[in-house]
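Undergrad: You'll find my_file.tsv just under this line, and it carries TSV, C-alpha atoms.
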chain	number	residue	atom	x	y	z
G	99	MET	CA	-5.81	-0.77	17.66
G	100	ARG	CA	-7.32	0.94	14.65
G	101	THR	CA	-6.93	0.30	10.93
G	102	VAL	CA	-7.69	2.26	7.78
G	103	ILE	CA	-8.22	0.30	4.58
G	104	HIS	CA	-7.38	2.25	1.44
G	105	LEU	CA	-9.68	1.08	-1.34
G	106	LEU	CA	-8.35	2.77	-4.46
G	107	SER	CA	-7.86	0.01	-6.97
G	108	ARG	CA	-10.09	-0.63	-9.96
G	109	ASP	CA	-9.02	-4.28	-9.76
G	110	GLU	CA	-12.00	-6.35	-8.65
G	111	THR	CA	-9.92	-8.92	-6.82
G	112	GLU	CA	-8.21	-6.16	-4.85
G	113	GLN	CA	-11.60	-4.63	-4.09
G	114	GLN	CA	-12.89	-7.97	-2.83
G	115	THR	CA	-9.76	-8.37	-0.71
G	116	ALA	CA	-10.29	-4.93	0.80
G	117	LEU	CA	-13.83	-5.88	1.86
G	118	ALA	CA	-12.81	-9.33	3.11
G	119	ILE	CA	-10.00	-7.84	5.18
G	120	SER	CA	-12.35	-5.25	6.68
G	121	ARG	CA	-14.68	-8.07	7.68
G	122	ASN	CA	-11.84	-10.16	9.13
G	123	LEU	CA	-10.62	-7.21	11.20
G	124	LEU	CA	-14.16	-6.84	12.63
G	125	ASN	CA	-14.37	-10.54	13.39
G	126	ASP	CA	-10.94	-10.72	15.01
G	127	GLU	CA	-11.17	-13.25	17.82
G	128	THR	CA	-8.53	-11.55	19.92
G	129	ASP	CA	-10.78	-8.50	19.92
G	130	SER	CA	-7.73	-6.27	19.52
G	131	ILE	CA	-9.15	-4.09	16.72
G	132	ASP	CA	-11.24	-1.18	18.01
G	133	ASP	CA	-11.97	0.64	14.76
G	134	VAL	CA	-11.87	-0.06	11.05
G	135	ALA	CA	-12.46	2.66	8.45
G	136	VAL	CA	-12.45	2.39	4.67
G	137	VAL	CA	-11.32	5.34	2.53
G	138	VAL	CA	-12.43	5.01	-1.10
G	139	GLN	CA	-10.97	6.84	-4.04
G	140	ALA	CA	-9.73	6.53	-7.64
G	141	GLY	CA	-10.76	3.19	-9.22
G	142	GLY	CA	-11.99	1.92	-5.86
G	143	ILE	CA	-15.08	4.08	-6.17
G	144	ASP	CA	-16.69	1.43	-8.41
G	145	ALA	CA	-17.02	-0.82	-5.37
G	146	VAL	CA	-19.35	1.55	-3.49
G	147	VAL	CA	-21.65	2.66	-6.31
G	148	THR	CA	-25.26	1.47	-6.04
G	149	GLY	CA	-25.73	-1.72	-8.04
G	150	ALA	CA	-22.11	-2.86	-7.78
G	151	ASP	CA	-21.51	-6.57	-7.22
G	152	THR	CA	-19.95	-5.55	-3.92
G	153	GLU	CA	-23.02	-3.62	-2.71
G	154	ASP	CA	-24.19	-6.29	-0.25
G	155	ARG	CA	-20.79	-6.60	1.38
G	156	VAL	CA	-20.48	-2.83	1.67
G	157	ARG	CA	-23.95	-2.58	3.23
G	158	SER	CA	-23.14	-5.34	5.68
G	159	LEU	CA	-19.94	-3.58	6.81
G	160	LEU	CA	-21.77	-0.24	7.12
G	161	ASN	CA	-24.42	-1.95	9.25
G	162	ASP	CA	-21.69	-3.28	11.50
G	163	GLY	CA	-20.27	0.20	12.09
G	164	VAL	CA	-17.48	0.46	9.53
G	165	PRO	CA	-17.52	3.96	8.00
G	166	PHE	CA	-16.88	4.26	4.25
G	167	LYS	CA	-15.46	7.64	3.23
G	168	ALA	CA	-15.54	8.37	-0.49
G	169	CYS	CA	-13.30	11.03	-2.04
G	170	SER	CA	-15.25	13.98	-3.47
G	171	ASN	CA	-12.50	14.70	-5.99
G	172	THR	CA	-12.95	11.19	-7.34
G	173	LEU	CA	-16.72	11.60	-7.53
G	174	GLU	CA	-16.32	14.82	-9.46
G	175	SER	CA	-13.88	13.42	-11.98
G	176	ASN	CA	-16.18	10.44	-12.57
G	177	ASP	CA	-19.35	12.55	-12.93
G	178	LEU	CA	-20.82	10.91	-9.88
G	179	ASP	CA	-22.43	12.41	-6.82
G	180	GLU	CA	-23.31	11.19	-3.36
G	181	SER	CA	-26.71	9.93	-4.54
G	182	ASP	CA	-24.96	7.37	-6.76
G	183	LEU	CA	-23.32	5.73	-3.76
G	184	VAL	CA	-24.60	2.94	-1.54
G	185	ASP	CA	-26.71	4.46	1.21
G	186	GLY	CA	-24.60	5.34	4.22
G	187	VAL	CA	-21.32	5.90	2.38
G	188	GLU	CA	-20.01	9.31	3.48
G	189	THR	CA	-17.92	11.73	1.45
G	190	VAL	CA	-14.70	13.52	2.36
G	191	PRO	CA	-13.13	16.36	0.35
G	192	GLU	CA	-9.99	14.36	-0.56
G	193	GLY	CA	-9.35	10.70	0.25
G	194	ALA	CA	-5.58	11.05	0.57
G	195	VAL	CA	-5.95	13.82	3.14
G	196	GLU	CA	-8.33	11.63	5.12
G	197	VAL	CA	-5.92	8.68	4.99
G	198	THR	CA	-3.13	10.98	6.18
G	199	ARG	CA	-5.28	12.32	9.00
G	200	LEU	CA	-6.25	8.85	10.19
G	201	GLN	CA	-2.65	7.62	10.19
G	202	THR	CA	-1.62	10.73	12.09
G	203	GLU	CA	-4.28	9.82	14.67
G	204	GLY	CA	-2.75	6.37	15.07
G	205	TYR	CA	-4.57	4.23	12.53
G	206	ALA	CA	-2.48	1.52	10.87
G	207	TYR	CA	-2.66	1.58	7.06
G	208	ILE	CA	-3.52	-1.32	4.79
G	209	ARG	CA	-3.62	-1.11	1.02
G	210	PRO	CA	-5.10	-4.35	-0.37
H	1095	MET	CA	0.80	16.54	8.47
H	1096	ARG	CA	3.15	14.92	6.01
H	1097	THR	CA	2.64	12.19	3.43
H	1098	VAL	CA	4.91	9.94	1.43
H	1099	ILE	CA	3.57	8.51	-1.82
H	1100	HIS	CA	5.14	5.21	-2.81
H	1101	LEU	CA	5.24	5.04	-6.60
H	1102	LEU	CA	6.36	1.50	-7.36
H	1103	SER	CA	3.81	0.14	-9.79
H	1104	ARG	CA	4.39	-0.36	-13.50
H	1105	ASP	CA	0.61	0.05	-13.96
H	1106	GLU	CA	-0.01	3.34	-15.75
H	1107	THR	CA	-3.34	3.97	-14.06
H	1108	GLU	CA	-1.72	3.52	-10.65
H	1109	GLN	CA	1.10	5.86	-11.71
H	1110	GLN	CA	-1.43	8.50	-12.80
H	1111	THR	CA	-3.28	8.06	-9.50
H	1112	ALA	CA	-0.03	8.58	-7.58
H	1113	LEU	CA	0.60	11.88	-9.36
H	1114	ALA	CA	-3.02	13.02	-9.05
H	1115	ILE	CA	-3.04	12.28	-5.33
H	1116	SER	CA	0.23	14.18	-4.86
H	1117	ARG	CA	-1.35	17.18	-6.58
H	1118	ASN	CA	-4.54	16.91	-4.52
H	1119	LEU	CA	-2.54	16.81	-1.28
H	1120	LEU	CA	-0.76	20.01	-2.37
H	1121	ASN	CA	-4.05	21.69	-3.25
H	1122	ASP	CA	-5.79	20.66	-0.02
H	1123	GLU	CA	-8.12	23.47	0.92
H	1124	THR	CA	-7.85	22.80	4.62
H	1125	ASP	CA	-4.14	23.45	4.29
H	1126	SER	CA	-3.42	20.59	6.67
H	1127	ILE	CA	-0.70	18.95	4.58
H	1128	ASP	CA	2.76	20.43	5.18
H	1129	ASP	CA	4.90	18.12	3.07
H	1130	VAL	CA	4.45	15.60	0.29
H	1131	ALA	CA	7.30	13.41	-0.94
H	1132	VAL	CA	7.28	10.77	-3.68
H	1133	VAL	CA	9.56	7.73	-3.45
H	1134	VAL	CA	9.96	5.97	-6.79
H	1135	GLN	CA	11.15	2.43	-7.31
H	1136	ALA	CA	10.53	-0.86	-9.17
H	1137	GLY	CA	8.06	-0.43	-12.06
H	1138	GLY	CA	7.26	3.11	-10.93
H	1139	ILE	CA	10.57	4.30	-12.34
H	1140	ASP	CA	9.01	4.46	-15.82
H	1141	ALA	CA	6.95	7.45	-14.68
H	1142	VAL	CA	9.99	9.66	-13.99
H	1143	VAL	CA	12.14	8.86	-17.03
H	1144	THR	CA	12.63	11.71	-19.50
H	1145	GLY	CA	10.09	11.44	-22.29
H	1146	ALA	CA	7.46	9.58	-20.25
H	1147	ASP	CA	3.82	10.59	-20.75
H	1148	THR	CA	3.88	11.64	-17.13
H	1149	GLU	CA	6.87	13.99	-17.53
H	1150	ASP	CA	4.85	17.24	-17.47
H	1151	ARG	CA	2.99	16.26	-14.31
H	1152	VAL	CA	6.23	15.25	-12.60
H	1153	ARG	CA	7.87	18.56	-13.59
H	1154	SER	CA	4.90	20.51	-12.33
H	1155	LEU	CA	5.02	18.77	-8.93
H	1156	LEU	CA	8.79	19.28	-8.70
H	1157	ASN	CA	8.28	22.98	-9.45
H	1158	ASP	CA	5.77	23.14	-6.63
H	1159	GLY	CA	8.24	21.73	-4.13
H	1160	VAL	CA	7.43	18.01	-4.09
H	1161	PRO	CA	10.68	16.01	-3.97
H	1162	PHE	CA	10.90	12.86	-6.09
H	1163	LYS	CA	13.37	10.29	-4.75
H	1164	ALA	CA	14.29	7.51	-7.15
H	1165	CYS	CA	15.80	4.24	-5.91
H	1166	SER	CA	19.38	3.71	-7.11
H	1167	ASN	CA	18.99	-0.06	-6.91
H	1168	THR	CA	16.09	0.20	-9.36
H	1169	LEU	CA	18.12	2.42	-11.70
H	1170	GLU	CA	20.95	-0.08	-11.70
H	1171	SER	CA	18.78	-3.10	-12.40
H	1172	ASN	CA	17.13	-1.22	-15.29
H	1173	ASP	CA	20.42	0.01	-16.79
H	1174	LEU	CA	19.40	3.59	-16.15
H	1175	ASP	CA	21.28	6.40	-14.48
H	1176	GLU	CA	20.36	9.76	-13.04
H	1177	SER	CA	20.78	11.48	-16.44
H	1178	ASP	CA	17.84	9.43	-17.77
H	1179	LEU	CA	15.48	10.93	-15.21
H	1180	VAL	CA	13.39	14.09	-15.42
H	1181	ASP	CA	15.52	17.02	-14.30
H	1182	GLY	CA	15.19	17.56	-10.57
H	1183	VAL	CA	14.40	13.97	-9.61
H	1184	GLU	CA	16.85	12.99	-6.84
H	1185	THR	CA	18.22	9.55	-6.11
H	1186	VAL	CA	18.40	7.62	-2.84
H	1187	PRO	CA	20.38	4.41	-2.29
H	1188	GLU	CA	17.27	2.26	-1.65
H	1189	GLY	CA	13.66	3.40	-1.96
H	1190	ALA	CA	12.31	1.08	0.74
H	1191	VAL	CA	14.81	2.41	3.28
H	1192	GLU	CA	13.77	5.97	2.42
H	1193	VAL	CA	10.08	5.09	2.81
H	1194	THR	CA	10.86	3.49	6.17
H	1195	ARG	CA	12.85	6.53	7.27
H	1196	LEU	CA	10.08	8.95	6.30
H	1197	GLN	CA	7.41	6.94	8.12
H	1198	THR	CA	9.64	6.79	11.18
H	1199	GLU	CA	9.83	10.59	11.02
H	1200	GLY	CA	6.04	10.81	11.06
H	1201	TYR	CA	5.06	10.75	7.39
H	1202	ALA	CA	1.82	8.94	6.59
H	1203	TYR	CA	2.17	6.32	3.83
H	1204	ILE	CA	0.06	6.04	0.71
H	1205	ARG	CA	0.52	3.36	-1.93
H	1206	PRO	CA	-1.67	4.21	-4.94
L	1199	MET	CA	14.04	1.10	12.16
L	1200	ARG	CA	11.70	-1.76	11.36
L	1201	THR	CA	9.62	-2.54	8.28
L	1202	VAL	CA	6.73	-4.84	7.51
L	1203	ILE	CA	6.22	-5.88	3.90
L	1204	HIS	CA	2.63	-6.75	3.04
L	1205	LEU	CA	2.64	-9.45	0.39
L	1206	LEU	CA	-0.97	-9.78	-0.67
L	1207	SER	CA	-0.94	-9.48	-4.43
L	1208	ARG	CA	-1.43	-12.36	-6.85
L	1209	ASP	CA	0.60	-10.34	-9.37
L	1210	GLU	CA	3.94	-12.10	-9.88
L	1211	THR	CA	5.84	-8.89	-10.54
L	1212	GLU	CA	4.53	-7.41	-7.30
L	1213	GLN	CA	5.48	-10.61	-5.48
L	1214	GLN	CA	9.01	-10.44	-6.90
L	1215	THR	CA	9.22	-6.78	-5.90
L	1216	ALA	CA	8.16	-7.67	-2.34
L	1217	LEU	CA	10.96	-10.23	-2.07
L	1218	ALA	CA	13.55	-7.95	-3.71
L	1219	ILE	CA	12.66	-5.10	-1.37
L	1220	SER	CA	12.93	-7.40	1.65
L	1221	ARG	CA	16.41	-8.39	0.50
L	1222	ASN	CA	17.43	-4.77	-0.13
L	1223	LEU	CA	16.28	-3.75	3.34
L	1224	LEU	CA	18.46	-6.54	4.79
L	1225	ASN	CA	21.44	-5.45	2.71
L	1226	ASP	CA	21.07	-1.76	3.52
L	1227	GLU	CA	24.57	-0.31	3.69
L	1228	THR	CA	23.62	2.32	6.22
L	1229	ASP	CA	22.61	-0.51	8.53
L	1230	SER	CA	19.61	1.48	9.68
L	1231	ILE	CA	17.08	-1.35	9.34
L	1232	ASP	CA	16.89	-3.56	12.43
L	1233	ASP	CA	13.99	-5.84	11.49
L	1234	VAL	CA	12.10	-6.85	8.39
L	1235	ALA	CA	8.95	-9.00	8.54
L	1236	VAL	CA	6.75	-10.24	5.70
L	1237	VAL	CA	3.02	-10.73	6.23
L	1238	VAL	CA	1.46	-12.90	3.53
L	1239	GLN	CA	-2.22	-13.09	2.67
L	1240	ALA	CA	-4.80	-13.13	-0.15
L	1241	GLY	CA	-3.16	-13.71	-3.56
L	1242	GLY	CA	0.29	-13.34	-2.05
L	1243	ILE	CA	0.02	-16.80	-0.55
L	1244	ASP	CA	1.05	-18.31	-3.91
L	1245	ALA	CA	4.56	-16.95	-3.36
L	1246	VAL	CA	5.18	-19.02	-0.22
L	1247	VAL	CA	3.72	-22.37	-1.28
L	1248	THR	CA	6.22	-25.21	-1.72
L	1249	GLY	CA	7.24	-25.46	-5.35
L	1250	ALA	CA	6.58	-21.81	-6.20
L	1251	ASP	CA	9.10	-20.07	-8.48
L	1252	THR	CA	9.81	-17.82	-5.54
L	1253	GLU	CA	10.64	-20.67	-3.15
L	1254	ASP	CA	14.42	-20.17	-3.24
L	1255	ARG	CA	14.16	-16.46	-2.52
L	1256	VAL	CA	11.76	-17.10	0.34
L	1257	ARG	CA	14.08	-19.75	1.82
L	1258	SER	CA	17.05	-17.43	1.53
L	1259	LEU	CA	15.22	-14.63	3.38
L	1260	LEU	CA	14.04	-17.06	6.07
L	1261	ASN	CA	17.63	-18.24	6.50
L	1262	ASP	CA	18.70	-14.65	6.97
L	1263	GLY	CA	16.22	-14.11	9.78
L	1264	VAL	CA	13.22	-12.56	8.02
L	1265	PRO	CA	10.00	-14.05	9.43
L	1266	PHE	CA	7.20	-14.86	6.99
L	1267	LYS	CA	3.74	-14.83	8.59
L	1268	ALA	CA	0.99	-16.38	6.51
L	1269	CYS	CA	-2.68	-15.61	7.18
L	1270	SER	CA	-4.64	-18.66	8.40
L	1271	ASN	CA	-7.88	-17.25	6.98
L	1272	THR	CA	-6.24	-17.18	3.56
L	1273	LEU	CA	-4.99	-20.74	3.94
L	1274	GLU	CA	-8.47	-21.92	4.86
L	1275	SER	CA	-10.19	-20.21	1.95
L	1276	ASN	CA	-7.61	-21.69	-0.44
L	1277	ASP	CA	-7.84	-25.22	0.99
L	1278	LEU	CA	-4.24	-25.06	2.04
L	1279	ASP	CA	-2.61	-25.85	5.34
L	1280	GLU	CA	0.73	-25.12	6.95
L	1281	SER	CA	2.28	-28.26	5.41
L	1282	ASP	CA	1.79	-26.76	1.95
L	1283	LEU	CA	4.03	-23.81	2.79
L	1284	VAL	CA	7.77	-23.44	2.44
L	1285	ASP	CA	9.43	-24.81	5.57
L	1286	GLY	CA	9.83	-22.10	8.16
L	1287	VAL	CA	6.87	-19.94	7.09
L	1288	GLU	CA	4.78	-19.30	10.22
L	1289	THR	CA	1.04	-18.74	10.41
L	1290	VAL	CA	-0.96	-16.02	12.12
L	1291	PRO	CA	-4.74	-16.06	12.64
L	1292	GLU	CA	-5.36	-13.01	10.39
L	1293	GLY	CA	-2.75	-11.18	8.33
L	1294	ALA	CA	-4.41	-7.77	8.58
L	1295	VAL	CA	-4.46	-7.95	12.38
L	1296	GLU	CA	-0.75	-8.83	12.35
L	1297	VAL	CA	0.03	-5.91	10.02
L	1298	THR	CA	-1.93	-3.61	12.31
L	1299	ARG	CA	-0.12	-4.92	15.38
L	1300	LEU	CA	3.31	-4.47	13.80
L	1301	GLN	CA	2.55	-0.89	12.71
L	1302	THR	CA	1.27	-0.13	16.20
L	1303	GLU	CA	4.62	-1.39	17.52
L	1304	GLY	CA	6.46	1.05	15.25
L	1305	TYR	CA	7.05	-0.90	12.06
L	1306	ALA	CA	6.86	1.12	8.84
L	1307	TYR	CA	4.54	-0.37	6.22
L	1308	ILE	CA	5.36	-1.15	2.62
L	1309	ARG	CA	2.92	-2.62	0.15
L	1310	PRO	CA	4.78	-3.57	-3.06
Could I get this structure in the form of structure tokens?

TA:
Amino acid sequence: MRTVIHLLSRDETEQQTALAISRNLLNDETDSIDDVAVVVQAGGIDAVVTGADTEDRVRSLLNDGVPFKACSNTLESNDLDESDLVDGVETVPEGAVEVTRLQTEGYAYIRP
Amino acid sequence: MRTVIHLLSRDETEQQTALAISRNLLNDETDSIDDVAVVVQAGGIDAVVTGADTEDRVRSLLNDGVPFKACSNTLESNDLDESDLVDGVETVPEGAVEVTRLQTEGYAYIRP
Amino acid sequence: MRTVIHLLSRDETEQQTALAISRNLLNDETDSIDDVAVVVQAGGIDAVVTGADTEDRVRSLLNDGVPFKACSNTLESNDLDESDLVDGVETVPEGAVEVTRLQTEGYAYIRP
């Protein structure tokens, strides 16, 4: 099974929940989760900017093979570019299109 | 691909994000999104009432072929009726049933 | 059709919306909803603890056949155990895995 986490809230608790859930999916003892991906847009972008309180958790998930896909439209409207993001975070043209694509490919959707 | 946006938050930032994402799905350069629908219920109803700050954005999406489906149960519990809504917003008996139906038909789900 | 409600917000309005939507799905006049399940984790756990303001609504849904599945990881990190929950609430090892499993089995997803 595969899961996409949609990280688009500016709420810090919801951001922390998104990262905790990603970690719990990876650690699942039943080993039933094959892939976890995180799509980041809107207020969620704060969680993957270099220097964020969440940086260590993001790095740790990236190291363990969880892709983070940040929305380029969000970067543009926040005057950010890829160099502002934690190393290893990818960009996609539009987060919502990516989330749609992943669900169409069979990923379950979770919005923390 | 098709996407349903679930607009059910009373949070204005989340409402704005829902409308921005709907627009971005329409404008997708890869042209991979065939349909976008917005289901409105609970606190989200404020965003589609005549006179709301979001009225122009809702009108613009309606003009571009995005259906807005407002939950009749929500209207009733807020003492609203269809005449209070931005022209062109439809109603459905229950928003959650509509969201379920659309997902069953293959729509991806996004909850901003 | 089947629907899973993901109750993971600490926001009381969102918790109330989750319970109201579960009830509305049960009451659907078109009788098109065969199953409703509620997966509870993160801040949502407050809504299913004995003594919560929402206890009566949770009990009523349980009585009408809606399973509530609380995340054991959430219980552990909140120093709670199953005996703290409203009678009849089940536990699952990890809520996000359960939500993924249900979607994979064809449940639509709603995050109030």

Undergrad: Hand me chain H as it sits after a least-squares fit onto chain L over every Cα, paired in order, written as a tab-separated table (two decimals) with C-alpha atoms, keeping the file's coordinate frame.

TA:
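Final output, saved to result_11.tsv:
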chain	number	residue	atom	x	y	z
H	1095	MET	CA	14.03	1.09	12.16
H	1096	ARG	CA	11.70	-1.76	11.34
H	1097	THR	CA	9.62	-2.53	8.27
H	1098	VAL	CA	6.73	-4.83	7.51
H	1099	ILE	CA	6.21	-5.89	3.90
H	1100	HIS	CA	2.62	-6.73	3.04
H	1101	LEU	CA	2.65	-9.45	0.39
H	1102	LEU	CA	-0.98	-9.78	-0.67
H	1103	SER	CA	-0.95	-9.48	-4.43
H	1104	ARG	CA	-1.43	-12.37	-6.84
H	1105	ASP	CA	0.60	-10.34	-9.38
H	1106	GLU	CA	3.93	-12.09	-9.88
H	1107	THR	CA	5.84	-8.89	-10.56
H	1108	GLU	CA	4.54	-7.40	-7.31
H	1109	GLN	CA	5.48	-10.61	-5.49
H	1110	GLN	CA	9.02	-10.45	-6.91
H	1111	THR	CA	9.23	-6.78	-5.91
H	1112	ALA	CA	8.17	-7.66	-2.36
H	1113	LEU	CA	10.97	-10.22	-2.07
H	1114	ALA	CA	13.55	-7.95	-3.71
H	1115	ILE	CA	12.67	-5.09	-1.38
H	1116	SER	CA	12.94	-7.39	1.65
H	1117	ARG	CA	16.42	-8.39	0.50
H	1118	ASN	CA	17.44	-4.78	-0.14
H	1119	LEU	CA	16.29	-3.75	3.34
H	1120	LEU	CA	18.46	-6.53	4.80
H	1121	ASN	CA	21.45	-5.47	2.71
H	1122	ASP	CA	21.09	-1.76	3.53
H	1123	GLU	CA	24.57	-0.33	3.71
H	1124	THR	CA	23.63	2.31	6.24
H	1125	ASP	CA	22.63	-0.51	8.55
H	1126	SER	CA	19.60	1.47	9.67
H	1127	ILE	CA	17.07	-1.34	9.34
H	1128	ASP	CA	16.87	-3.56	12.43
H	1129	ASP	CA	13.99	-5.84	11.49
H	1130	VAL	CA	12.08	-6.85	8.38
H	1131	ALA	CA	8.95	-9.00	8.54
H	1132	VAL	CA	6.75	-10.23	5.70
H	1133	VAL	CA	3.01	-10.74	6.23
H	1134	VAL	CA	1.45	-12.90	3.53
H	1135	GLN	CA	-2.22	-13.10	2.68
H	1136	ALA	CA	-4.80	-13.14	-0.15
H	1137	GLY	CA	-3.17	-13.71	-3.57
H	1138	GLY	CA	0.29	-13.33	-2.05
H	1139	ILE	CA	0.01	-16.80	-0.56
H	1140	ASP	CA	1.04	-18.31	-3.91
H	1141	ALA	CA	4.55	-16.95	-3.36
H	1142	VAL	CA	5.18	-19.03	-0.22
H	1143	VAL	CA	3.71	-22.38	-1.28
H	1144	THR	CA	6.21	-25.21	-1.72
H	1145	GLY	CA	7.23	-25.47	-5.35
H	1146	ALA	CA	6.57	-21.81	-6.21
H	1147	ASP	CA	9.09	-20.07	-8.48
H	1148	THR	CA	9.79	-17.82	-5.54
H	1149	GLU	CA	10.64	-20.67	-3.14
H	1150	ASP	CA	14.43	-20.18	-3.24
H	1151	ARG	CA	14.17	-16.46	-2.52
H	1152	VAL	CA	11.76	-17.08	0.35
H	1153	ARG	CA	14.08	-19.74	1.82
H	1154	SER	CA	17.05	-17.43	1.53
H	1155	LEU	CA	15.23	-14.63	3.38
H	1156	LEU	CA	14.04	-17.05	6.07
H	1157	ASN	CA	17.63	-18.24	6.51
H	1158	ASP	CA	18.70	-14.64	6.97
H	1159	GLY	CA	16.21	-14.10	9.78
H	1160	VAL	CA	13.22	-12.55	8.01
H	1161	PRO	CA	10.00	-14.04	9.43
H	1162	PHE	CA	7.20	-14.85	6.99
H	1163	LYS	CA	3.74	-14.82	8.58
H	1164	ALA	CA	0.98	-16.39	6.51
H	1165	CYS	CA	-2.69	-15.61	7.19
H	1166	SER	CA	-4.64	-18.65	8.40
H	1167	ASN	CA	-7.88	-17.25	6.99
H	1168	THR	CA	-6.24	-17.18	3.55
H	1169	LEU	CA	-4.99	-20.76	3.95
H	1170	GLU	CA	-8.46	-21.93	4.85
H	1171	SER	CA	-10.20	-20.21	1.96
H	1172	ASN	CA	-7.62	-21.69	-0.44
H	1173	ASP	CA	-7.85	-25.23	0.99
H	1174	LEU	CA	-4.23	-25.07	2.04
H	1175	ASP	CA	-2.61	-25.85	5.35
H	1176	GLU	CA	0.72	-25.12	6.95
H	1177	SER	CA	2.29	-28.27	5.43
H	1178	ASP	CA	1.80	-26.76	1.95
H	1179	LEU	CA	4.02	-23.80	2.79
H	1180	VAL	CA	7.78	-23.44	2.44
H	1181	ASP	CA	9.42	-24.81	5.56
H	1182	GLY	CA	9.83	-22.08	8.16
H	1183	VAL	CA	6.89	-19.93	7.09
H	1184	GLU	CA	4.78	-19.29	10.22
H	1185	THR	CA	1.05	-18.75	10.40
H	1186	VAL	CA	-0.95	-16.02	12.13
H	1187	PRO	CA	-4.73	-16.06	12.64
H	1188	GLU	CA	-5.35	-13.01	10.40
H	1189	GLY	CA	-2.75	-11.19	8.33
H	1190	ALA	CA	-4.41	-7.77	8.57
H	1191	VAL	CA	-4.44	-7.94	12.37
H	1192	GLU	CA	-0.74	-8.83	12.36
H	1193	VAL	CA	0.04	-5.92	10.02
H	1194	THR	CA	-1.93	-3.61	12.31
H	1195	ARG	CA	-0.12	-4.93	15.37
H	1196	LEU	CA	3.31	-4.46	13.80
H	1197	GLN	CA	2.55	-0.90	12.72
H	1198	THR	CA	1.27	-0.13	16.20
H	1199	GLU	CA	4.61	-1.38	17.52
H	1200	GLY	CA	6.45	1.05	15.26
H	1201	TYR	CA	7.04	-0.91	12.06
H	1202	ALA	CA	6.86	1.12	8.85
H	1203	TYR	CA	4.52	-0.38	6.23
H	1204	ILE	CA	5.36	-1.15	2.63
H	1205	ARG	CA	2.91	-2.61	0.14
H	1206	PRO	CA	4.80	-3.55	-3.04

Undergrad: Using only C-alpha atoms, can you tell me which of L:Ser1207, L:Thr1201, L:Gln1213, L:Asn1225 comes closest to chain G?

TA: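 Of all the options, L:Ser1207 lies closest to chain G.
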
Undergrad: Taking all atoms listed in the file into account, which of L:Val1284, L:Ile1219, L:Leu1224, L:Ala1268 comes nearest Gly1249 in chain L?

TA: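 Closest residue, counting all atoms listed in the file: L:Val1284.
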
Undergrad: For chain L, which residues have at least one atom within 9 Å of chain H, if we go by all atoms listed in the file? Write them as a PyMOL selection string, please.

TA: chain L and resi 1199-1201+1211-1212+1215+1219-1220+1222-1223+1226-1227+1230-1231+1304-1310

Undergrad: Which residue gives the smallest distance to Phe1162 in chain H among H:Thr1185, H:Thr1124, H:Thr1144, H:Ser1177, with all atoms listed in the file counted?

TA: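 Result for the nearest residue to Phe1162 in chain H: H:Thr1185.
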
Undergrad: In Å to one decimal, how far is CA of Gly163 in chain G from CA of Ala150 in chain G?

TA: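 Between CA of Ala150 in chain G and CA of Gly163 in chain G the gap is 20.2 Å.
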
Undergrad: Fix up range 161-171 of chain G with N, CA and C atoms, then write it as an mmCIF file, in the coordinates of the input.

TA:
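New file out-v7.cif:
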data_model
loop_
_atom_site.group_PDB
_atom_site.id
_atom_site.type_symbol
_atom_site.label_atom_id
_atom_site.label_comp_id
_atom_site.auth_asym_id
_atom_site.auth_seq_id
_atom_site.Cartn_x
_atom_site.Cartn_y
_atom_site.Cartn_z
ATOM 1 N N ASN G 161 -23.502 -1.569 8.157
ATOM 2 C CA ASN G 161 -24.420 -1.950 9.250
ATOM 3 C C ASN G 161 -23.670 -2.328 10.520
ATOM 4 N N ASP G 162 -22.456 -2.857 10.331
ATOM 5 C CA ASP G 162 -21.690 -3.280 11.500
ATOM 6 C C ASP G 162 -20.748 -2.176 11.996
ATOM 7 N N GLY G 163 -20.971 -0.946 11.503
ATOM 8 C CA GLY G 163 -20.270 0.200 12.090
ATOM 9 C C GLY G 163 -18.972 0.597 11.428
ATOM 10 N N VAL G 164 -18.695 0.050 10.243
ATOM 11 C CA VAL G 164 -17.480 0.460 9.530
ATOM 12 C C VAL G 164 -17.817 1.657 8.629
ATOM 13 N N PRO G 165 -17.234 2.828 8.883
ATOM 14 C CA PRO G 165 -17.520 3.960 8.000
ATOM 15 C C PRO G 165 -16.796 3.811 6.653
ATOM 16 N N PHE G 166 -17.482 4.174 5.588
ATOM 17 C CA PHE G 166 -16.880 4.260 4.250
ATOM 18 C C PHE G 166 -16.837 5.732 3.886
ATOM 19 N N LYS G 167 -15.646 6.221 3.530
ATOM 20 C CA LYS G 167 -15.460 7.640 3.230
ATOM 21 C C LYS G 167 -14.973 7.771 1.793
ATOM 22 N N ALA G 168 -15.864 8.252 0.929
ATOM 23 C CA ALA G 168 -15.540 8.370 -0.490
ATOM 24 C C ALA G 168 -14.990 9.756 -0.804
ATOM 25 N N CYS G 169 -13.999 9.787 -1.666
ATOM 26 C CA CYS G 169 -13.300 11.030 -2.040
ATOM 27 C C CYS G 169 -14.138 11.867 -3.001
ATOM 28 N N SER G 170 -14.440 13.101 -2.619
ATOM 29 C CA SER G 170 -15.250 13.980 -3.470
ATOM 30 C C SER G 170 -14.546 14.320 -4.779
ATOM 31 N N ASN G 171 -13.226 14.441 -4.742
ATOM 32 C CA ASN G 171 -12.500 14.700 -5.990
ATOM 33 C C ASN G 171 -12.703 13.559 -6.981
#
